[in-house]
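Structure file work-v5.cif with mmCIF, C-alpha atoms (C1' of nucleotides):
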data_model
#
loop_
_atom_site.label_atom_id
_atom_site.label_comp_id
_atom_site.auth_asym_id
_atom_site.auth_seq_id
_atom_site.Cartn_x
_atom_site.Cartn_y
_atom_site.Cartn_z
CA MET A 1 89.56 -72.26 -65.93
CA GLY A 2 89.49 -71.03 -69.51
CA ILE A 3 86.45 -68.85 -68.96
CA ASP A 4 88.25 -65.56 -69.47
CA LYS A 5 87.85 -63.78 -72.74
CA SER A 6 90.37 -62.72 -75.30
CA ASP A 7 92.00 -59.30 -74.98
CA LEU A 8 90.37 -58.53 -78.30
CA LEU A 9 87.00 -58.91 -79.92
CA GLN A 10 87.85 -61.70 -82.25
CA GLY A 11 87.69 -60.61 -85.85
CA THR A 12 88.50 -56.97 -85.22
CA LEU A 13 92.28 -57.19 -85.30
CA ASP A 14 92.44 -56.84 -89.07
CA LEU A 15 90.34 -53.70 -88.91
CA LEU A 16 92.57 -52.20 -86.23
CA ILE A 17 95.74 -52.95 -88.15
CA LEU A 18 94.37 -51.69 -91.45
CA ARG A 19 93.25 -48.45 -89.82
CA VAL A 20 96.62 -47.78 -88.26
CA VAL A 21 98.53 -48.64 -91.42
CA ALA A 22 96.20 -46.36 -93.40
CA MET A 23 97.80 -43.41 -91.59
CA GLY A 24 101.11 -44.14 -93.28
CA PRO A 25 103.85 -46.79 -93.49
CA ILE A 26 104.65 -48.26 -90.11
CA HIS A 27 106.33 -51.38 -88.76
CA GLY A 28 104.67 -54.16 -86.81
CA TYR A 29 105.97 -53.43 -83.38
CA ALA A 30 104.94 -49.80 -83.73
CA ILE A 31 101.45 -50.83 -84.85
CA SER A 32 100.83 -52.71 -81.64
CA LYS A 33 102.22 -49.86 -79.53
CA ARG A 34 100.07 -47.37 -81.38
CA ILE A 35 96.89 -49.37 -80.90
CA GLN A 36 97.69 -49.80 -77.24
CA GLN A 37 98.35 -46.09 -76.82
CA ILE A 38 95.30 -44.85 -78.72
CA SER A 39 93.03 -47.25 -76.86
CA ARG A 40 94.45 -46.07 -73.54
CA ASP A 41 95.78 -49.53 -72.85
CA ALA A 42 92.44 -51.26 -73.36
CA LEU A 43 93.71 -53.12 -76.42
CA ARG A 44 96.91 -55.10 -76.12
CA ILE A 45 98.01 -56.99 -79.17
CA GLN A 46 100.08 -60.03 -78.30
CA GLN A 47 103.05 -60.70 -80.54
CA GLY A 48 101.67 -64.13 -81.28
CA SER A 49 98.56 -62.44 -82.66
CA LEU A 50 100.24 -59.49 -84.32
CA TYR A 51 102.77 -61.15 -86.59
CA PRO A 52 100.54 -63.91 -87.92
CA ALA A 53 97.92 -61.24 -88.63
CA LEU A 54 100.41 -59.10 -90.53
CA HIS A 55 101.54 -62.07 -92.59
CA ARG A 56 97.93 -62.95 -93.31
CA LEU A 57 97.14 -59.42 -94.48
CA GLU A 58 100.28 -59.27 -96.58
CA LYS A 59 99.48 -62.62 -98.16
CA ARG A 60 96.05 -61.35 -99.10
CA LYS A 61 97.67 -58.31 -100.68
CA TRP A 62 95.97 -55.87 -98.37
CA LEU A 63 99.33 -54.81 -97.04
CA GLY A 64 102.62 -54.34 -98.82
CA ALA A 65 105.87 -54.75 -96.92
CA GLU A 66 109.36 -53.34 -97.19
CA TRP A 67 112.40 -53.60 -94.93
CA ARG A 68 113.64 -50.18 -93.95
CA GLU A 69 115.54 -48.51 -91.20
CA ALA A 70 113.34 -47.40 -88.33
CA GLU A 71 113.66 -44.07 -86.52
CA THR A 72 115.70 -45.93 -83.93
CA GLY A 73 118.30 -46.88 -86.49
CA ARG A 74 117.28 -50.53 -86.48
CA GLU A 75 115.95 -52.55 -89.38
CA ALA A 76 112.22 -53.06 -89.37
CA LYS A 77 109.56 -54.28 -91.77
CA PHE A 78 107.37 -51.38 -92.81
CA TYR A 79 103.83 -52.12 -93.91
CA SER A 80 101.70 -49.93 -96.13
CA LEU A 81 98.15 -50.16 -97.38
CA THR A 82 97.59 -51.38 -100.94
CA ALA A 83 94.66 -50.26 -103.08
CA GLU A 84 92.98 -53.57 -102.32
CA GLY A 85 93.70 -53.02 -98.67
CA ARG A 86 91.91 -49.71 -98.78
CA LYS A 87 88.84 -51.41 -100.24
CA ARG A 88 89.03 -54.09 -97.62
CA LEU A 89 89.29 -51.50 -94.88
CA LEU A 90 85.98 -50.03 -95.99
CA VAL A 91 84.38 -53.47 -95.84
CA GLU A 92 85.79 -54.22 -92.40
CA HIS A 93 84.75 -50.83 -91.13
CA SER A 94 81.15 -51.08 -92.29
CA GLU A 95 80.90 -54.62 -90.98
CA TRP A 96 82.04 -53.38 -87.61
CA GLU A 97 79.52 -50.56 -87.64
CA ARG A 98 76.76 -52.92 -88.67
CA LEU A 99 77.48 -55.61 -86.10
CA SER A 100 78.31 -53.36 -83.17
CA ALA A 101 75.15 -51.35 -83.82
CA ALA A 102 73.15 -54.58 -83.88
CA ILE A 103 74.61 -55.67 -80.56
CA GLY A 104 73.81 -52.24 -79.19
CA LEU A 105 70.22 -52.75 -80.26
CA VAL A 106 69.98 -56.05 -78.43
CA ILE A 107 71.51 -54.57 -75.30
CA GLN A 108 69.08 -51.67 -75.40
CA ALA A 109 66.00 -53.73 -76.15
CA THR A 110 66.67 -56.22 -73.36
CA GLN A 111 67.10 -53.78 -70.53
CA LEU A 112 63.56 -52.46 -70.58
CA MET B 1 88.14 -68.32 -100.00
CA GLY B 2 87.59 -68.13 -96.28
CA ILE B 3 88.02 -64.39 -96.22
CA ASP B 4 84.47 -63.61 -95.23
CA LYS B 5 83.75 -62.87 -91.64
CA SER B 6 81.49 -64.57 -89.18
CA ASP B 7 77.84 -63.47 -88.90
CA LEU B 8 78.73 -62.55 -85.34
CA LEU B 9 81.49 -60.75 -83.53
CA GLN B 10 83.12 -63.78 -82.04
CA GLY B 11 82.91 -63.74 -78.29
CA THR B 12 79.67 -61.77 -78.08
CA LEU B 13 77.23 -64.65 -78.43
CA ASP B 14 77.22 -65.39 -74.71
CA LEU B 15 76.39 -61.78 -73.95
CA LEU B 16 73.53 -61.78 -76.43
CA ILE B 17 72.06 -64.99 -75.06
CA LEU B 18 72.41 -63.92 -71.43
CA ARG B 19 70.71 -60.60 -72.15
CA VAL B 20 67.76 -62.24 -73.87
CA VAL B 21 67.35 -64.90 -71.20
CA ALA B 22 67.52 -62.17 -68.54
CA MET B 23 64.13 -60.98 -69.79
CA GLY B 24 62.54 -64.23 -68.63
CA PRO B 25 62.58 -67.97 -69.31
CA ILE B 26 62.75 -68.75 -72.98
CA HIS B 27 63.70 -71.71 -75.14
CA GLY B 28 66.65 -71.92 -77.50
CA TYR B 29 64.91 -71.59 -80.79
CA ALA B 30 63.03 -68.54 -79.53
CA ILE B 31 66.28 -66.96 -78.32
CA SER B 32 67.73 -67.04 -81.81
CA LYS B 33 64.54 -65.67 -83.34
CA ARG B 34 64.39 -62.91 -80.78
CA ILE B 35 67.98 -61.83 -81.38
CA GLN B 36 67.38 -61.85 -85.10
CA GLN B 37 64.22 -59.79 -84.72
CA ILE B 38 65.63 -57.23 -82.30
CA SER B 39 68.73 -56.73 -84.42
CA ARG B 40 66.57 -56.23 -87.48
CA ASP B 41 68.07 -59.29 -89.10
CA ALA B 42 71.67 -58.14 -88.67
CA LEU B 43 72.42 -60.97 -86.25
CA ARG B 44 71.60 -64.51 -87.31
CA ILE B 45 72.53 -67.23 -84.90
CA GLN B 46 73.20 -70.51 -86.65
CA GLN B 47 71.86 -73.57 -84.87
CA GLY B 48 75.35 -75.02 -84.84
CA SER B 49 76.40 -71.98 -82.81
CA LEU B 50 73.27 -71.67 -80.69
CA TYR B 51 72.95 -75.08 -79.12
CA PRO B 52 76.61 -75.59 -78.23
CA ALA B 53 76.55 -72.10 -76.68
CA LEU B 54 73.47 -72.92 -74.60
CA HIS B 55 75.04 -76.16 -73.39
CA ARG B 56 78.23 -74.29 -72.54
CA LEU B 57 76.34 -71.69 -70.52
CA GLU B 58 74.29 -74.33 -68.77
CA LYS B 59 77.40 -76.32 -67.92
CA ARG B 60 78.94 -73.24 -66.38
CA LYS B 61 75.79 -72.77 -64.32
CA TRP B 62 75.00 -69.41 -65.82
CA LEU B 63 71.78 -70.82 -67.22
CA GLY B 64 69.34 -73.26 -65.71
CA ALA B 65 67.20 -75.44 -67.95
CA GLU B 66 63.82 -77.06 -67.70
CA TRP B 67 61.65 -78.91 -70.22
CA ARG B 68 58.27 -77.32 -70.55
CA GLU B 69 55.50 -76.96 -73.02
CA ALA B 70 55.98 -73.99 -75.32
CA GLU B 71 53.21 -71.60 -76.36
CA THR B 72 52.84 -73.70 -79.47
CA GLY B 73 51.96 -76.77 -77.43
CA ARG B 74 55.25 -78.48 -78.18
CA GLU B 75 57.90 -79.53 -75.70
CA ALA B 76 60.86 -77.20 -75.48
CA LYS B 77 63.80 -76.62 -73.17
CA PHE B 78 63.36 -73.36 -71.31
CA TYR B 79 66.43 -71.56 -70.09
CA SER B 80 66.55 -69.08 -67.24
CA LEU B 81 69.30 -66.96 -65.73
CA THR B 82 70.90 -68.19 -62.51
CA ALA B 83 72.32 -65.84 -59.88
CA GLU B 84 75.78 -66.63 -61.19
CA GLY B 85 74.52 -65.97 -64.68
CA ARG B 86 73.39 -62.53 -63.66
CA LYS B 87 76.86 -61.77 -62.31
CA ARG B 88 78.41 -63.07 -65.46
CA LEU B 89 76.11 -60.94 -67.56
CA LEU B 90 77.45 -57.84 -65.84
CA VAL B 91 81.00 -58.93 -66.58
CA GLU B 92 80.25 -59.67 -70.22
CA HIS B 93 78.41 -56.39 -70.59
CA SER B 94 81.16 -54.23 -69.16
CA GLU B 95 83.76 -56.10 -71.21
CA TRP B 96 81.75 -55.33 -74.31
CA GLU B 97 81.49 -51.65 -73.39
CA ARG B 98 85.18 -51.48 -72.66
CA LEU B 99 86.34 -53.18 -75.83
CA SER B 100 83.86 -51.62 -78.24
CA ALA B 101 84.67 -48.18 -76.84
CA ALA B 102 88.37 -48.89 -77.32
CA ILE B 103 87.83 -49.90 -80.92
CA GLY B 104 85.78 -46.75 -81.40
CA LEU B 105 88.72 -44.76 -80.13
CA VAL B 106 91.09 -46.34 -82.62
CA ILE B 107 88.65 -45.75 -85.46
CA GLN B 108 88.25 -42.12 -84.48
CA ALA B 109 91.91 -41.44 -83.93
CA THR B 110 92.97 -42.92 -87.26
CA GLN B 111 90.64 -40.98 -89.49
CA LEU B 112 92.15 -37.57 -88.80
"C1'" DC C 1 45.74 -87.85 -98.20
"C1'" DG C 2 50.35 -86.09 -98.93
"C1'" DA C 3 53.86 -82.60 -99.25
"C1'" DA C 4 55.96 -78.58 -97.60
"C1'" DG C 5 57.45 -75.48 -94.28
"C1'" DA C 6 57.97 -73.81 -89.65
"C1'" DT C 7 59.12 -75.20 -85.15
"C1'" DA C 8 62.28 -77.44 -81.99
"C1'" DC C 9 66.16 -80.09 -80.66
"C1'" DC C 10 70.81 -81.91 -81.55
"C1'" DT C 11 75.81 -83.44 -83.32
"C1'" DT C 12 79.99 -83.75 -86.15
"C1'" DG C 13 84.07 -82.09 -88.26
"C1'" DA C 14 86.51 -78.38 -90.15
"C1'" DC C 15 88.22 -73.80 -89.89
"C1'" DG C 16 90.21 -69.38 -88.55
"C1'" DT C 17 91.79 -66.40 -84.96
"C1'" DT C 18 94.01 -65.69 -80.91
"C1'" DC C 19 96.69 -67.16 -76.99
"C1'" DT C 20 100.80 -68.72 -74.33
"C1'" DA C 21 105.28 -69.70 -74.62
"C1'" DC C 22 109.40 -69.80 -76.75
"C1'" DA C 23 113.33 -68.21 -79.68
"C1'" DT C 24 116.55 -64.77 -81.66
"C1'" DA C 25 119.05 -60.42 -82.07
"C1'" DT C 26 120.21 -55.42 -81.46
"C1'" DG C 27 120.82 -51.03 -78.94
"C1'" DC C 28 120.85 -48.39 -74.85
"C1'" DT C 29 121.66 -47.47 -70.14
"C1'" DA C 30 122.79 -48.11 -65.35
"C1'" DT D 1 127.50 -56.70 -67.85
"C1'" DA D 2 123.12 -57.17 -66.80
"C1'" DG D 3 118.69 -55.70 -67.82
"C1'" DC D 4 115.22 -53.66 -70.58
"C1'" DA D 5 112.97 -51.96 -74.67
"C1'" DT D 6 112.94 -52.76 -79.40
"C1'" DA D 7 112.02 -55.80 -83.24
"C1'" DT D 8 110.74 -60.12 -85.61
"C1'" DG D 9 109.25 -64.55 -85.71
"C1'" DT D 10 107.37 -69.66 -84.73
"C1'" DA D 11 104.79 -73.81 -82.65
"C1'" DG D 12 101.06 -75.79 -80.41
"C1'" DA D 13 96.85 -75.50 -78.25
"C1'" DA D 14 92.35 -73.59 -77.08
"C1'" DC D 15 88.20 -71.78 -78.41
"C1'" DG D 16 84.10 -70.30 -80.79
"C1'" DT D 17 81.67 -70.47 -84.95
"C1'" DC D 18 80.25 -72.48 -89.26
"C1'" DA D 19 78.37 -75.68 -92.74
"C1'" DA D 20 76.12 -79.61 -93.06
"C1'" DG D 21 73.81 -83.23 -91.55
"C1'" DG D 22 70.18 -85.56 -88.57
"C1'" DT D 23 65.39 -86.38 -85.93
"C1'" DA D 24 60.66 -85.31 -84.91
"C1'" DT D 25 56.24 -82.71 -84.45
"C1'" DC D 26 52.65 -79.57 -86.00
"C1'" DT D 27 50.13 -76.85 -89.27
"C1'" DT D 28 48.68 -75.60 -93.72
"C1'" DC D 29 47.53 -76.11 -98.31
"C1'" DG D 30 46.73 -78.44 -102.47
#

Written as structure tokens, how would this file's structure read?
Amino acid sequence: MGIDKSDLLQGTLDLLILRVVAMGPIHGYAISKRIQQISRDALRIQQGSLYPALHRLEKRKWLGAEWREAETGREAKFYSLTAEGRKRLLVEHSEWERLSAAIGLVIQATQL
Amino acid sequence: MGIDKSDLLQGTLDLLILRVVAMGPIHGYAISKRIQQISRDALRIQQGSLYPALHRLEKRKWLGAEWREAETGREAKFYSLTAEGRKRLLVEHSEWERLSAAIGLVIQATQL
DNA sequence: CGAAGATACCTTGACGTTCTACATATGCTA
DNA sequence: TAGCATATGTAGAACGTCAAGGTATCTTCG
């Protein structure tokens, strides 16, 4: 009935991607697997969310991209964090902390 | 440039509203003020977000509504939580815990 | 008296993100 | 040779939120 929620908290995908890419160059498919693995399967990035997001971040110059051979021997597009991307990551991170803390406050205050 | 984020984490507004209404009948304008106050101004609900959200929740029978006189002596639409709304609140709450914990995991794991 | 500001409700149209579904191709393995 | 994981991508739609606009009442202050 269209009442179900997204697999993600909308607006947090960029943060997740930037964090993972900050660990070192990595290709798109691996990013989604990594997020899924770290989150113990709680976060599943659909391909229709992943690739548009990567293109968006690349367009904004937060990610740089380069085609290289993956560990598997296949060609893949490796993303890496730009200097601007690192700045943006800090912004996204503090916004997350700020907003999630605020929601925590509301949850706490309303259960008295 | 459209790069700035929402004042909210998209998808959490329903949870916030349901929590506040769970404390007792309250009208829309007061809900937004209350959320703003509890969150120490971190969360500001725009009226263009608030009223459509309230109508959505009412339509889904998670909120009931009744016109009454507010403390100020003016007419206002008071919302209260239905039984279904209480169930939904539990769902929204656990979804929030699940997803925010998962994001916390990714943040932790990527800063090593 | 008149203006301003807070209270209280609402709608419209645009926007960005995410989703489902589809499409393509390669490499490995059973 | 069929199936599955890997790997990238697109199109169209749904959804929630935002900016901006509107109405009306009540109180306060000049």

Give me the chain C side of the contact with stretch 71-74 of chain A, cut-off 12 Å, one line per residue showing its nearest atom pair and distance in Å at one decimal, counting all atoms listed in the file, sorted by chain and residue number, as JSON lines.
{"residue": "C:DA25", "atom": "C1'", "partner": "A:Arg74", "partner_atom": "CA", "distance": 11.0}
{"residue": "C:DT26", "atom": "C1'", "partner": "A:Arg74", "partner_atom": "CA", "distance": 7.6}
{"residue": "C:DG27", "atom": "C1'", "partner": "A:Arg74", "partner_atom": "CA", "distance": 8.3}
{"residue": "C:DC28", "atom": "C1'", "partner": "A:Thr72", "partner_atom": "CA", "distance": 10.7}

Fit chain A to chain B, all Cα atoms paired in order, least squares. Then write it as a short mmCIF file (atom, residue, chain, number, x, y, z; two decimals) with C-alpha atoms, in the coordinates of the input.
data_model
loop_
_atom_site.label_atom_id
_atom_site.label_comp_id
_atom_site.auth_asym_id
_atom_site.auth_seq_id
_atom_site.Cartn_x
_atom_site.Cartn_y
_atom_site.Cartn_z
CA MET A 1 88.02 -68.22 -100.33
CA GLY A 2 87.53 -68.18 -96.57
CA ILE A 3 88.01 -64.43 -96.31
CA ASP A 4 84.45 -63.68 -95.25
CA LYS A 5 83.77 -62.96 -91.64
CA SER A 6 81.52 -64.65 -89.17
CA ASP A 7 77.91 -63.50 -88.87
CA LEU A 8 78.80 -62.57 -85.32
CA LEU A 9 81.55 -60.77 -83.50
CA GLN A 10 83.20 -63.75 -81.96
CA GLY A 11 82.88 -63.73 -78.21
CA THR A 12 79.64 -61.77 -78.07
CA LEU A 13 77.20 -64.65 -78.42
CA ASP A 14 77.21 -65.39 -74.70
CA LEU A 15 76.38 -61.78 -73.94
CA LEU A 16 73.51 -61.78 -76.42
CA ILE A 17 72.05 -64.99 -75.04
CA LEU A 18 72.41 -63.92 -71.42
CA ARG A 19 70.70 -60.62 -72.16
CA VAL A 20 67.74 -62.24 -73.85
CA VAL A 21 67.35 -64.90 -71.17
CA ALA A 22 67.51 -62.17 -68.51
CA MET A 23 64.11 -60.97 -69.76
CA GLY A 24 62.52 -64.21 -68.61
CA PRO A 25 62.56 -67.97 -69.28
CA ILE A 26 62.73 -68.74 -72.96
CA HIS A 27 63.69 -71.70 -75.14
CA GLY A 28 66.64 -71.89 -77.50
CA TYR A 29 64.88 -71.57 -80.78
CA ALA A 30 63.02 -68.52 -79.52
CA ILE A 31 66.27 -66.94 -78.32
CA SER A 32 67.74 -67.01 -81.80
CA LYS A 33 64.53 -65.65 -83.34
CA ARG A 34 64.40 -62.89 -80.77
CA ILE A 35 67.98 -61.81 -81.37
CA GLN A 36 67.38 -61.84 -85.10
CA GLN A 37 64.22 -59.78 -84.73
CA ILE A 38 65.62 -57.20 -82.31
CA SER A 39 68.73 -56.73 -84.43
CA ARG A 40 66.58 -56.22 -87.52
CA ASP A 41 68.08 -59.30 -89.10
CA ALA A 42 71.67 -58.16 -88.67
CA LEU A 43 72.43 -60.98 -86.25
CA ARG A 44 71.62 -64.52 -87.30
CA ILE A 45 72.52 -67.24 -84.88
CA GLN A 46 73.19 -70.53 -86.62
CA GLN A 47 71.84 -73.61 -84.89
CA GLY A 48 75.33 -75.05 -84.81
CA SER A 49 76.39 -72.02 -82.78
CA LEU A 50 73.27 -71.66 -80.68
CA TYR A 51 72.94 -75.08 -79.10
CA PRO A 52 76.59 -75.60 -78.21
CA ALA A 53 76.55 -72.12 -76.66
CA LEU A 54 73.48 -72.93 -74.59
CA HIS A 55 75.04 -76.16 -73.37
CA ARG A 56 78.22 -74.31 -72.52
CA LEU A 57 76.35 -71.69 -70.51
CA GLU A 58 74.28 -74.32 -68.75
CA LYS A 59 77.39 -76.31 -67.89
CA ARG A 60 78.93 -73.22 -66.36
CA LYS A 61 75.79 -72.74 -64.30
CA TRP A 62 74.98 -69.39 -65.82
CA LEU A 63 71.78 -70.81 -67.20
CA GLY A 64 69.35 -73.26 -65.69
CA ALA A 65 67.22 -75.43 -67.95
CA GLU A 66 63.82 -77.07 -67.71
CA TRP A 67 61.70 -78.91 -70.26
CA ARG A 68 58.29 -77.33 -70.56
CA GLU A 69 55.52 -76.97 -73.04
CA ALA A 70 55.96 -74.01 -75.35
CA GLU A 71 53.17 -71.64 -76.39
CA THR A 72 52.85 -73.74 -79.52
CA GLY A 73 51.99 -76.81 -77.51
CA ARG A 74 55.31 -78.48 -78.24
CA GLU A 75 57.96 -79.51 -75.76
CA ALA A 76 60.89 -77.17 -75.51
CA LYS A 77 63.84 -76.61 -73.20
CA PHE A 78 63.36 -73.36 -71.32
CA TYR A 79 66.44 -71.56 -70.07
CA SER A 80 66.55 -69.09 -67.21
CA LEU A 81 69.28 -66.97 -65.70
CA THR A 82 70.89 -68.18 -62.47
CA ALA A 83 72.31 -65.83 -59.86
CA GLU A 84 75.77 -66.63 -61.18
CA GLY A 85 74.53 -65.95 -64.66
CA ARG A 86 73.40 -62.52 -63.63
CA LYS A 87 76.87 -61.76 -62.29
CA ARG A 88 78.41 -63.07 -65.46
CA LEU A 89 76.11 -60.93 -67.55
CA LEU A 90 77.44 -57.84 -65.82
CA VAL A 91 81.00 -58.92 -66.58
CA GLU A 92 80.23 -59.64 -70.23
CA HIS A 93 78.39 -56.38 -70.59
CA SER A 94 81.16 -54.22 -69.16
CA GLU A 95 83.75 -56.07 -71.21
CA TRP A 96 81.75 -55.31 -74.31
CA GLU A 97 81.46 -51.65 -73.39
CA ARG A 98 85.16 -51.46 -72.65
CA LEU A 99 86.34 -53.17 -75.82
CA SER A 100 83.87 -51.62 -78.24
CA ALA A 101 84.67 -48.17 -76.84
CA ALA A 102 88.37 -48.88 -77.32
CA ILE A 103 87.83 -49.89 -80.92
CA GLY A 104 85.78 -46.75 -81.40
CA LEU A 105 88.73 -44.75 -80.12
CA VAL A 106 91.08 -46.33 -82.62
CA ILE A 107 88.66 -45.75 -85.47
CA GLN A 108 88.26 -42.12 -84.47
CA ALA A 109 91.94 -41.43 -83.91
CA THR A 110 92.99 -42.92 -87.24
CA GLN A 111 90.67 -40.98 -89.47
CA LEU A 112 92.17 -37.58 -88.78
#

Next on the checklist: Applying 12 Å and all atoms listed in the file, which residues near B:Arg34 remain after dropping the ones on its own chain fewer than 3 positions away? List them as a ChimeraX atom specification.
Outcome noted: /A:105-106,109-110 /B:16-17,19-21,23,26-31,37-45

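Applied to this file, the PyMOL selection byres ((chain C) within 10 of (chain A)) selects DG16, DT17, DT18, DC19, DT20, DA21, DT26 and DG27 of chain C.
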
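Once the PyMOL selection byres ((chain D) within 10 of (chain A)) is applied to the shown structure, the selection contains DT6, DA7, DT8, DG9, DT10, DA14, DC15 and DG16 of chain D.
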
Write out the residues from the selection above, keeping C-alpha atoms (C1' of nucleotides), as a compact mmCIF listing (two decimals), in the frame of the given file.
# COMPACT_ATOMS: atom_id res chain seq x y z
C1' DT D 6 112.94 -52.76 -79.40
C1' DA D 7 112.02 -55.80 -83.24
C1' DT D 8 110.74 -60.12 -85.61
C1' DG D 9 109.25 -64.55 -85.71
C1' DT D 10 107.37 -69.66 -84.73
C1' DA D 14 92.35 -73.59 -77.08
C1' DC D 15 88.20 -71.78 -78.41
C1' DG D 16 84.10 -70.30 -80.79

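Here atom C1' of D:DG30 stands at a distance of 29.1 Å from atom CA of B:Lys33.
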
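Note that atom C1' of D:DA11 and atom CA of A:Leu15 are 25.5 Å apart.
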
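Applied to this file, the PyMOL selection byres ((chain D and resi 19) around 9) selects the residues B:Gly48, C:DA14, D:DC18, D:DA20, D:DG21.
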
Item to check | Separation of atom C1' of D:DC26 from atom C1' of C:DG2 in Å | outcome: 14.7 Å

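Considering the residues A:Leu54, A:Trp67, A:Ala22, A:Tyr79 and counting all atoms listed in the file, chain B has its shortest atom-to-atom contact with A:Ala22.
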
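Shortest separation to chain B among A:Val91, A:Leu81, A:Leu18, A:Ile35 occurs at residue A:Ile35, atoms counted being only C-alpha atoms.
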